[in-house]
Structure formats: C-alpha cells, structure tokens
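Participant: I'm passing along entry_35.cif; it holds mmCIF, C-alpha atoms.
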data_query
loop_
_atom_site.label_atom_id
_atom_site.label_comp_id
_atom_site.auth_asym_id
_atom_site.auth_seq_id
_atom_site.Cartn_x
_atom_site.Cartn_y
_atom_site.Cartn_z
CA ASP A 1 5.27 14.00 75.15
CA GLN A 2 5.86 12.32 71.80
CA GLN A 3 2.39 12.12 70.30
CA VAL A 4 3.58 10.59 67.03
CA LYS A 5 6.15 7.82 67.17
CA GLN A 6 8.09 5.91 64.59
CA ASN A 7 9.78 3.17 66.56
CA SER A 8 12.05 1.93 63.80
CA PRO A 9 14.88 4.35 63.10
CA SER A 10 15.95 2.38 60.06
CA LEU A 11 14.72 -0.23 57.60
CA SER A 12 16.58 -2.05 54.86
CA VAL A 13 14.85 -3.91 52.02
CA GLN A 14 15.78 -5.46 48.72
CA GLU A 15 14.83 -3.77 45.46
CA GLY A 16 11.49 -5.05 44.18
CA ARG A 17 10.28 -6.13 47.60
CA ILE A 18 7.75 -4.37 49.82
CA SER A 19 8.77 -1.68 52.30
CA ILE A 20 6.52 -1.24 55.32
CA LEU A 21 7.02 1.81 57.48
CA ASN A 22 5.10 2.05 60.72
CA CYS A 23 3.82 4.92 62.83
CA ASP A 24 1.87 5.09 66.08
CA TYR A 25 0.06 8.02 67.64
CA THR A 26 -1.46 8.74 71.00
CA ASN A 27 -3.71 11.75 70.45
CA SER A 28 -7.22 10.68 69.47
CA MET A 29 -7.92 14.22 68.28
CA PHE A 30 -5.79 13.72 65.19
CA ASP A 31 -7.98 13.54 62.09
CA TYR A 32 -5.50 13.54 59.23
CA PHE A 33 -2.27 11.68 58.73
CA LEU A 34 0.44 12.36 56.21
CA TRP A 35 3.67 10.79 55.03
CA TYR A 36 6.68 12.75 53.89
CA LYS A 37 9.92 11.71 52.27
CA LYS A 38 13.13 13.57 52.96
CA TYR A 39 16.56 13.47 51.36
CA PRO A 40 19.58 14.90 53.21
CA ALA A 41 19.89 18.69 53.05
CA GLU A 42 16.48 19.03 51.40
CA GLY A 43 13.02 19.89 52.64
CA PRO A 44 10.49 17.08 53.10
CA THR A 45 8.33 16.13 50.13
CA PHE A 46 4.67 15.27 50.63
CA LEU A 47 3.84 11.70 49.60
CA ILE A 48 0.38 10.64 50.61
CA SER A 49 -2.26 11.35 53.23
CA ILE A 50 -5.32 9.77 54.76
CA SER A 51 -8.33 10.94 56.67
CA SER A 52 -9.37 9.25 59.89
CA ILE A 53 -12.66 8.23 58.31
CA LYS A 54 -10.82 5.98 55.90
CA ASP A 55 -8.65 2.94 56.47
CA LYS A 56 -6.74 2.91 53.22
CA ASN A 57 -5.50 5.30 50.57
CA GLU A 58 -3.49 4.30 47.54
CA ASP A 59 -1.41 6.31 45.12
CA GLY A 60 0.67 4.37 42.68
CA ARG A 61 3.31 2.38 44.54
CA PHE A 62 2.38 4.00 47.85
CA THR A 63 -0.45 2.85 50.09
CA VAL A 64 -1.22 4.14 53.55
CA PHE A 65 -3.23 2.04 55.97
CA LEU A 66 -4.89 3.43 59.08
CA ASN A 67 -6.04 1.39 62.07
CA LYS A 68 -7.82 3.97 64.13
CA SER A 69 -8.67 1.66 67.03
CA ALA A 70 -5.00 0.77 67.39
CA LYS A 71 -3.88 4.33 66.66
CA HIS A 72 -1.50 2.92 64.09
CA LEU A 73 -0.73 3.71 60.49
CA SER A 74 1.65 2.25 58.00
CA LEU A 75 3.07 3.17 54.62
CA HIS A 76 3.58 0.40 52.10
CA ILE A 77 5.86 0.90 49.13
CA VAL A 78 5.72 -1.79 46.49
CA PRO A 79 7.80 -2.50 44.57
CA SER A 80 10.60 -0.71 46.39
CA GLN A 81 13.20 1.06 44.27
CA PRO A 82 16.70 2.31 45.15
CA GLY A 83 15.47 5.86 44.60
CA ASP A 84 13.06 5.36 47.49
CA SER A 85 16.01 5.40 49.88
CA ALA A 86 15.37 8.39 52.15
CA VAL A 87 14.04 9.29 55.58
CA TYR A 88 10.29 8.90 55.87
CA PHE A 89 8.31 10.96 58.37
CA CYS A 90 4.75 10.41 59.37
CA ALA A 91 2.79 13.40 60.58
CA ALA A 92 -0.62 14.06 62.05
CA ARG A 93 -2.92 17.02 62.34
CA LYS A 94 -6.23 17.92 63.89
CA THR A 95 -9.20 19.24 61.97
CA SER A 96 -8.74 22.67 63.49
CA GLY A 97 -5.53 24.39 62.48
CA SER A 98 -2.83 23.33 60.07
CA ARG A 99 -0.07 22.47 62.51
CA LEU A 100 1.58 19.11 61.94
CA THR A 101 3.08 16.85 64.59
CA PHE A 102 5.92 14.74 63.21
CA GLY A 103 7.35 11.39 64.15
CA GLU A 104 11.08 10.85 64.51
CA GLY A 105 11.52 9.47 61.02
CA THR A 106 12.63 6.12 59.59
CA GLN A 107 15.64 5.81 57.32
CA LEU A 108 14.70 3.49 54.46
CA THR A 109 17.47 1.91 52.44
CA VAL A 110 16.55 -0.02 49.31
CA ASN A 111 19.41 -2.22 48.14
CA PRO A 112 19.83 -2.99 44.42
CA GLY B 113 1.79 21.68 42.91
CA ALA B 114 2.51 24.22 45.60
CA VAL B 115 6.07 25.49 45.60
CA VAL B 116 7.89 27.01 48.53
CA SER B 117 11.32 28.55 48.14
CA GLN B 118 13.92 29.52 50.71
CA HIS B 119 16.86 31.85 50.50
CA PRO B 120 19.71 31.47 51.11
CA SER B 121 20.22 27.73 50.78
CA TRP B 122 23.25 27.89 53.02
CA VAL B 123 25.02 30.55 55.04
CA ILE B 124 28.17 30.75 57.11
CA CYS B 125 28.48 33.57 59.59
CA LYS B 126 30.56 34.70 62.53
CA SER B 127 29.34 34.34 66.06
CA GLY B 128 27.42 37.43 67.18
CA THR B 129 26.06 38.38 63.79
CA SER B 130 22.44 38.16 62.65
CA VAL B 131 21.20 36.08 59.75
CA LYS B 132 17.94 36.47 57.86
CA ILE B 133 16.28 33.57 56.06
CA GLU B 134 13.44 34.15 53.60
CA CYS B 135 10.59 31.79 52.86
CA ARG B 136 8.34 32.40 49.88
CA SER B 137 5.24 30.68 48.57
CA LEU B 138 5.66 30.96 44.81
CA ASP B 139 2.32 30.00 43.34
CA PHE B 140 -0.10 30.39 46.21
CA GLN B 141 -0.84 32.65 49.11
CA ALA B 142 -0.09 31.59 52.65
CA THR B 143 -1.57 33.37 55.63
CA THR B 144 0.30 30.90 57.80
CA MET B 145 3.81 29.56 57.47
CA PHE B 146 5.79 27.32 59.76
CA TRP B 147 9.43 27.35 60.72
CA TYR B 148 11.20 24.14 61.65
CA ARG B 149 14.66 23.23 62.77
CA GLN B 150 16.34 19.92 62.21
CA PHE B 151 19.48 18.63 63.89
CA PRO B 152 21.45 15.81 62.26
CA LYS B 153 19.63 12.48 62.40
CA GLN B 154 16.74 14.01 64.31
CA SER B 155 13.15 14.87 63.58
CA LEU B 156 11.72 18.18 62.51
CA MET B 157 11.21 20.47 65.46
CA LEU B 158 8.54 23.11 65.04
CA MET B 159 9.91 26.45 66.19
CA ALA B 160 7.09 28.84 65.45
CA THR B 161 4.00 29.56 63.42
CA SER B 162 4.20 32.69 61.31
CA ASN B 163 0.95 34.56 60.82
CA GLU B 164 0.48 37.19 58.12
CA GLY B 165 -0.24 40.56 59.65
CA SER B 166 0.11 39.47 63.25
CA LYS B 167 2.64 38.15 65.73
CA ALA B 168 4.19 34.76 65.35
CA THR B 169 3.33 31.98 67.76
CA TYR B 170 6.40 30.38 69.28
CA GLU B 171 6.72 26.86 70.60
CA GLN B 172 7.70 26.27 74.18
CA GLY B 173 11.41 26.71 74.71
CA VAL B 174 12.01 28.80 71.59
CA GLU B 175 13.33 32.29 72.35
CA LYS B 176 11.23 34.80 70.47
CA ASP B 177 13.83 37.53 70.88
CA LYS B 178 16.47 35.34 69.34
CA PHE B 179 14.43 33.99 66.45
CA LEU B 180 12.57 36.96 65.02
CA ILE B 181 9.77 36.14 62.62
CA ASN B 182 8.09 38.59 60.27
CA HIS B 183 5.25 37.62 57.94
CA ALA B 184 4.92 40.84 55.98
CA SER B 185 2.88 39.57 53.04
CA LEU B 186 0.83 36.60 51.92
CA THR B 187 3.82 35.12 50.13
CA LEU B 188 6.78 35.97 52.36
CA SER B 189 7.89 35.07 55.86
CA THR B 190 11.34 35.77 57.26
CA LEU B 191 13.25 34.24 60.14
CA THR B 192 16.10 36.26 61.61
CA VAL B 193 18.54 34.50 63.89
CA THR B 194 19.89 37.32 66.05
CA SER B 195 23.30 37.30 67.67
CA ALA B 196 23.96 33.85 66.31
CA HIS B 197 26.08 31.39 68.27
CA PRO B 198 27.61 28.06 67.20
CA GLU B 199 24.78 26.17 68.90
CA ASP B 200 22.36 27.85 66.47
CA SER B 201 24.02 25.98 63.62
CA SER B 202 21.32 23.80 62.15
CA PHE B 203 19.10 23.12 59.16
CA TYR B 204 16.14 25.52 59.08
CA ILE B 205 13.09 24.65 57.01
CA CYS B 206 9.90 26.57 56.36
CA SER B 207 6.58 25.29 55.15
CA ALA B 208 3.16 26.52 54.15
CA PRO B 209 -0.12 24.62 54.17
CA GLY B 210 -1.70 23.90 50.82
CA THR B 211 -5.36 23.54 50.03
CA ARG B 212 -5.32 19.92 48.95
CA SER B 213 -4.48 16.57 50.49
CA TYR B 214 -5.98 17.30 53.88
CA GLY B 215 -3.97 20.48 54.31
CA ALA B 216 -0.58 18.96 53.62
CA GLN B 217 2.23 21.38 54.24
CA TYR B 218 4.63 22.10 51.44
CA PHE B 219 8.19 22.56 52.51
CA GLY B 220 10.97 24.75 51.26
CA PRO B 221 14.36 23.24 50.42
CA GLY B 222 15.85 24.33 53.72
CA THR B 223 18.69 26.62 54.79
CA ARG B 224 21.88 25.27 56.28
CA LEU B 225 23.28 27.69 58.86
CA LEU B 226 26.81 27.35 60.17
CA VAL B 227 27.92 29.76 62.86
CA LEU B 228 31.65 29.91 63.43
#
If you took the structure in this file and wrote it as structure tokens, what would it be?
Facilitator:
Amino acid sequence: DQQVKQNSPSLSVQEGRISILNCDYTNSMFDYFLWYKKYPAEGPTFLISISSIKDKNEDGRFTVFLNKSAKHLSLHIVPSQPGDSAVYFCAARKTSGSRLTFGEGTQLTVNP
Amino acid sequence: GAVVSQHPSWVICKSGTSVKIECRSLDFQATTMFWYRQFPKQSLMLMATSNEGSKATYEQGVEKDKFLINHASLTLSTLTVTSAHPEDSSFYICSAPGTRSYGAQYFGPGTRLLVL
C-alpha cells in the first residue's frame, strides 16, 4: 500500500522557470510533510517541511504548499537552476514516532 | 546542522562474506536511527529502525538474521549484512531524526555494496 505517491517520475524545465513537483498521500494520520533532494550515490538532503496545520511554507526559492482536504502537496522551485537537477522525494510522518514514509521520487532536470 | 556519517562509502566483497556498515551522528545524539536500502531508480525502502539499548524493529519482509543491527551508543548504529549474496548489492543509507523542522531525518552519504 503506497501511502505517499509521486506520480511523475520525471520533470524537465528550463532554467529560470518554475519547477512544480507534486505529491499525494492517502493516510489522514500524517501530520508533517517533508521534501528531500537526492543526487546519485549520495544520501538525501532535507529541503523544507510543513505541518498539517499550515498550507504554505517558504524558504528562499523553495515553497511547499499543502492542500489537506485533497491530501496533496507540492514543492515549487523558482527560479529553477541547473544545480537543482536531482531526484526529489516527498515524505510524511505522523505526530507519534519519527518514521518517514517516502514517495517514489521525481527526477527533476533543469536545462540551461 | 545535524551531520550523519557512514563508513565505508563503498565496499566490494565476495559472496558468503559479512560486511559491516557504520552510521554515526557527529554532532548530536540519536536514540533512534533508520536503515534504508535503495535500488537503482527506485525509492528509499525502510529496512529497520535501530533503537539504542534495545532490539531493532524490522520492516515486513526484511530478514533480521541476515541484516544484523546493533545500536550500541547514542551516536553509533551498525548494520551487518551476513553471508552476503549478489542480490544484496545495493545502496544502503542510514538516517537519524533531528530536533528541528518537524523531526526531519538527516541522512548519511550512503554505502554502496557490491557482492561478487
């Protein structure tokens, strides 16, 4: 049972434009959502997170939006840069415990 | 920020041998650490939760006798792949939860295991 899904395995955007990465979840018990960035042969790097009581969190070029009623979140990167090219994972966790449930990942390619 | 290290970064071994991977939290204490496995072009698969001073909790389908986990201190967890076979070749990553950002986990750089 895939509780966190990223339906787009890949996304290609032009440098300077906006990248929008999407994630859906099914478990209403999730209270926190996180985005990670991963380069090949490296561990994931934490990017940004959001609590279920909020609908938006912004950190520099990265903004995460949460639509709790739709069980949907998205990560916006603007402006996109070639160095943003990586696999992006969304993850979710419940209030109790620290275990994360990951989506399948989306490969973002930013073309110069 | 929280830093997690792993050693070795890569290892090649013969089939039938055992391999130990270390995961250390460098600037914080971690009573819990997580071990993941990633196959090429696939997501992170949680293998087990390592608990300091007690037994690890394994995910369904993960053989506890094959993947031995020891969390001997608040900064060190080890994963031993026993009697390794070629199908155990994978990228193994550990993580530890931090205290900020809604408990975001901080990941080590990963260990690439190749079993010949």
Participant: If you count all atoms listed in the file, which residues fall within 8 Å of range 171-186 of chain B, apart from same-chain ones fewer than 5 positions away, as a PDB file with C-alpha atoms, keeping the file's coordinate frame?
Facilitator:
ATOM      1  CA  GLN B 141      -0.840  32.650  49.110  1.00  0.00           C
ATOM      2  CA  ALA B 142      -0.090  31.590  52.650  1.00  0.00           C
ATOM      3  CA  THR B 143      -1.570  33.370  55.630  1.00  0.00           C
ATOM      4  CA  LEU B 158       8.540  23.110  65.040  1.00  0.00           C
ATOM      5  CA  MET B 159       9.910  26.450  66.190  1.00  0.00           C
ATOM      6  CA  ALA B 160       7.090  28.840  65.450  1.00  0.00           C
ATOM      7  CA  SER B 162       4.200  32.690  61.310  1.00  0.00           C
ATOM      8  CA  ASN B 163       0.950  34.560  60.820  1.00  0.00           C
ATOM      9  CA  GLU B 164       0.480  37.190  58.120  1.00  0.00           C
ATOM     10  CA  GLY B 165      -0.240  40.560  59.650  1.00  0.00           C
ATOM     11  CA  SER B 166       0.110  39.470  63.250  1.00  0.00           C
ATOM     12  CA  LEU B 191      13.250  34.240  60.140  1.00  0.00           C
ATOM     13  CA  THR B 192      16.100  36.260  61.610  1.00  0.00           C
ATOM     14  CA  VAL B 193      18.540  34.500  63.890  1.00  0.00           C
ATOM     15  CA  THR B 194      19.890  37.320  66.050  1.00  0.00           C
ATOM     16  CA  SER B 195      23.300  37.300  67.670  1.00  0.00           C
TER      17      SER B 195
END
Participant: May I ask you to extract the residues of chain B within 12 Å of chain A, using all atoms listed in the file, and to give them as a PyMOL selection string?
Facilitator: chain B and resi 113-118+121-122+142-163+169+171+202-225
Participant: Given only C-alpha atoms as the basis, pick out the residue of A:Ser19, A:Ser8, A:Ser74, A:Asn57 nearest to Val110 in chain A.
Facilitator: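 Among A:Ser19, A:Ser8, A:Ser74, A:Asn57, it is A:Ser19 that comes nearest to Val110 in chain A.
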Participant: Please measure the separation of CA of Gln81 in chain A and CA of Val4 in chain A, giving the value in Å to one decimal.
Facilitator: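 We find that CA of Gln81 in chain A and CA of Val4 in chain A lie 26.5 Å from each other.
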Participant: Interatomic distance between CA of Asp24 in chain A and CA of Asn111 in chain A?
Facilitator: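 Answer for the CA of Asp24 in chain A to CA of Asn111 in chain A separation: 26.1 Å.
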Participant: What does the distance from CA of Tyr88 in chain A to CA of Glu134 in chain B come to in Å, to one decimal?
Facilitator: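 Taking CA of Tyr88 in chain A and CA of Glu134 in chain B, their separation equals 25.5 Å.
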Participant: For the file shown, report as a PDB file with C-alpha atoms, keeping the file's coordinate frame the outcome of the PyMOL selection byres ((chain B and resi 227) around 7) at residue level.
Facilitator:
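Result file expr_17.pdb:
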ATOM      1  CA  ILE B 124      28.170  30.750  57.110  1.00  0.00           C
ATOM      2  CA  CYS B 125      28.480  33.570  59.590  1.00  0.00           C
ATOM      3  CA  LYS B 126      30.560  34.700  62.530  1.00  0.00           C
ATOM      4  CA  SER B 127      29.340  34.340  66.060  1.00  0.00           C
ATOM      5  CA  ALA B 196      23.960  33.850  66.310  1.00  0.00           C
ATOM      6  CA  HIS B 197      26.080  31.390  68.270  1.00  0.00           C
ATOM      7  CA  PRO B 198      27.610  28.060  67.200  1.00  0.00           C
ATOM      8  CA  ASP B 200      22.360  27.850  66.470  1.00  0.00           C
ATOM      9  CA  SER B 201      24.020  25.980  63.620  1.00  0.00           C
ATOM     10  CA  LEU B 225      23.280  27.690  58.860  1.00  0.00           C
ATOM     11  CA  LEU B 226      26.810  27.350  60.170  1.00  0.00           C
ATOM     12  CA  LEU B 228      31.650  29.910  63.430  1.00  0.00           C
TER      13      LEU B 228
END
Participant: Given the choices A:Lys71, A:Gly60, A:Val13, A:His76, which gets closest to Thr26 in chain A if the distance is worked out from all atoms listed in the file?
Facilitator: A:Lys71
Participant: Counting all atoms listed in the file, find residues at most 12 Å from (-0.3, -3.0, 46.2) (file frame) and give them as JSON, numbers by chain.
Facilitator: {"A": [17, 18, 19, 20, 56, 57, 58, 59, 60, 61, 62, 63, 64, 65, 75, 76, 77, 78, 79, 80]}
